[in-house]
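Asker: This is the structure I have questions about; it appears just below.
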Amino acid sequence: MNTDMSTNKVYFSALLSERCPLLNGCIVEALQNYGIKYAYLSGTKDIWCRDFMPIQLDKNHFVSYRYTPNYLQTKTNIDYQTNIEDVFTIDDKHLQKIKAHCTAMDLVVDGGNVVKCGDKIVMTDKVFVENKDKQHDEVERILRETFQCDVLFLPWDKSERYGHSDGIVHYIGDGKILLTNYDDFSINYYNKFRKVLDEHFEVITLKYKVKETHEDSWVYINYLQVGTLVLVPQLGIEEDEQALAQISEVMPNCKVIGIPALKAIKDGGALNCISWNVEL
């Protein structure tokens, strides 16, 4: 299975420059400085393209899914639900190739709840809540057969309504996984996460030496990696530098750069959420 390290192009919603112009400008500058290809997706209803775009398994194998998460099924939010077919109408040769190599999975899934970790995938068990029309075992079977790998399930902390695993973990290669500082907020859930992850990975937890941990410090795990370039969201607080230092230390072969991302964070996501990186 491909990982962030093997990706070489990144897509964003065309709405990003309109809704988060500072963030968009900083990202574009970093990508251009390091020669990373990027493009924009039209036909999107919001900026969170990670959630609705297909999941890449290898260079010629992508998986699409039903993007109808429960948090969008209200009169207020339904207008933010992107139809992937609207996006695939773009005249982009790479996008058309991806569409041709896409397998549809008959499950409700959020791309933000699928973190590829070498030969495994990490999700929260919110996926079972989203697919109540199927038995638990059937959902597991479909996921494992479609992704062609083992799928690990972390318990869903229902105080976080999205239930996305990309706000909890990020794979850093060589069997190692980076875990956000969940122990600063819920030692119970942190211990449950470790129980699942420790059986399969070397787990490294982000730590911050501050008087009071910022409520949004989870965002550092939601960084964007394209190849050896790592863009880490920044909050404008003292944890920023500590996060950059820790991520740089565990990813010594990568260039780690901070990107101010307050507007996106205020809206509920960060850099992995707003991006869709692929290997072409």
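Ordered as shown in the structure tokens, chains take letters A, B, and onward, while each chain numbers its residues from 1 and ligands are numbered from 1 in the order shown.
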Which residues come within 9 Å of A:Phe153, counting only C-alpha atoms, excluding same-chain residues fewer than 6 positions away, as a list in words?
Answerer: Ile121, Val122, Met123, Thr124, Asp125, Lys126, Phe193 and Val196 of chain A
Asker: Could you take the residues named above and write them with N, CA, C and O atoms, as a short mmCIF file (atom, residue, chain, number, x, y, z; two decimals), in the first residue's frame?
Answerer:
```cif
data_model
loop_
_atom_site.label_atom_id
_atom_site.label_comp_id
_atom_site.auth_asym_id
_atom_site.auth_seq_id
_atom_site.Cartn_x
_atom_site.Cartn_y
_atom_site.Cartn_z
N ILE A 121 -4.55 -0.34 7.95
CA ILE A 121 -5.31 0.90 7.96
C ILE A 121 -5.89 1.09 9.36
O ILE A 121 -6.33 0.12 10.00
N VAL A 122 -5.87 2.33 9.84
CA VAL A 122 -6.41 2.65 11.15
C VAL A 122 -7.65 3.52 10.97
O VAL A 122 -7.61 4.55 10.29
N MET A 123 -8.76 3.10 11.58
CA MET A 123 -10.01 3.84 11.56
C MET A 123 -10.57 3.92 12.98
O MET A 123 -10.12 3.20 13.87
N THR A 124 -11.54 4.79 13.21
CA THR A 124 -12.30 4.70 14.45
C THR A 124 -13.53 3.85 14.17
O THR A 124 -13.97 3.72 13.02
N ASP A 125 -14.10 3.32 15.22
CA ASP A 125 -15.26 2.45 15.04
C ASP A 125 -16.55 3.22 14.77
O ASP A 125 -17.64 2.63 14.75
N LYS A 126 -16.45 4.51 14.51
CA LYS A 126 -17.62 5.26 14.05
C LYS A 126 -18.13 4.70 12.72
O LYS A 126 -19.31 4.85 12.38
N PHE A 193 -6.47 3.62 22.95
CA PHE A 193 -5.75 3.73 21.68
C PHE A 193 -4.45 2.95 21.74
O PHE A 193 -4.11 2.21 20.81
N VAL A 196 -4.70 -0.83 21.36
CA VAL A 196 -4.87 -1.29 19.97
C VAL A 196 -3.57 -1.14 19.19
O VAL A 196 -3.12 -2.06 18.51
#
```
Asker: Taking 3 positions as the minimum chain separation for residues in the same chain, which residues sit within 8 Å of stretch 218-234 of chain A when counting only C-alpha atoms? Answer as a PyMOL selection string.
Answerer: chain A and resi 4-10+27+34+36+166-170+178-182+215+237+240+243-244+253-262+265+269-273+275+277
Asker: Tell me which of A:Asn191, A:Asn70, A:Gln81, A:Thr44 sits closest to A:Lys132, counting only C-alpha atoms.
Answerer: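 Going through A:Asn191, A:Asn70, A:Gln81, A:Thr44 one by one, the smallest distance to A:Lys132 is for A:Asn70.
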Asker: Set the distance at 8 Å and use only C-alpha atoms: which residues neighbour A:Glu239 once local chain neighbours fewer than 4 positions away are removed? I'd like the list as a PDB file with N, CA and C atoms, in the first residue's frame.
Answerer:
```pdb
ATOM      1  N   TYR A 208       3.822  18.089  25.032  1.00  0.00           N
ATOM      2  CA  TYR A 208       4.047  19.537  25.071  1.00  0.00           C
ATOM      3  C   TYR A 208       4.305  19.990  26.505  1.00  0.00           C
ATOM      4  N   LYS A 209       5.434  20.672  26.684  1.00  0.00           N
ATOM      5  CA  LYS A 209       5.800  21.190  27.999  1.00  0.00           C
ATOM      6  C   LYS A 209       5.257  22.609  28.135  1.00  0.00           C
ATOM      7  N   VAL A 210       4.022  22.705  28.549  1.00  0.00           N
ATOM      8  CA  VAL A 210       3.344  23.996  28.726  1.00  0.00           C
ATOM      9  C   VAL A 210       2.535  23.944  30.017  1.00  0.00           C
ATOM     10  N   SER A 217      -4.504  21.546  20.266  1.00  0.00           N
ATOM     11  CA  SER A 217      -3.171  20.983  20.006  1.00  0.00           C
ATOM     12  C   SER A 217      -3.226  19.663  19.245  1.00  0.00           C
ATOM     13  N   ALA A 243       5.966  21.118  18.525  1.00  0.00           N
ATOM     14  CA  ALA A 243       5.441  20.147  17.569  1.00  0.00           C
ATOM     15  C   ALA A 243       6.383  19.993  16.382  1.00  0.00           C
TER      16      ALA A 243
END
```
Asker: What's the separation between atom CA of A:Lys97 and atom CA of A:Asn83, in Å to one decimal place?
Answerer: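 Calculated distance between atom CA of A:Lys97 and atom CA of A:Asn83 is 18.2 Å.
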Asker: As a VMD selection string, which residues of stretch 53-247 of chain A does DSSP assign to alpha helix (DSSP H)?
Answerer: chain A and resid 84 to 87 93 to 100 126 to 130 136 to 147 187 to 197 239 to 247
Asker: Tell me, as number ranges by chain, which residues lie within 9 Å of stretch 107-114 of chain A, counting only C-alpha atoms; anything in the same chain fewer than 3 positions away does not count.
Answerer: A: 48-55, 64-69, 104, 121-124, 126-127, 130-131, 139, 142-143, 162-167, 272-273
Asker: Could you check the closest approach to A:Lys195 for each of A:Gln135, A:Lys211, A:Leu152, A:Gly173 and tell me which residue wins, using only C-alpha atoms?
Answerer: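 Among A:Gln135, A:Lys211, A:Leu152, A:Gly173, it is A:Leu152 that comes nearest to A:Lys195.
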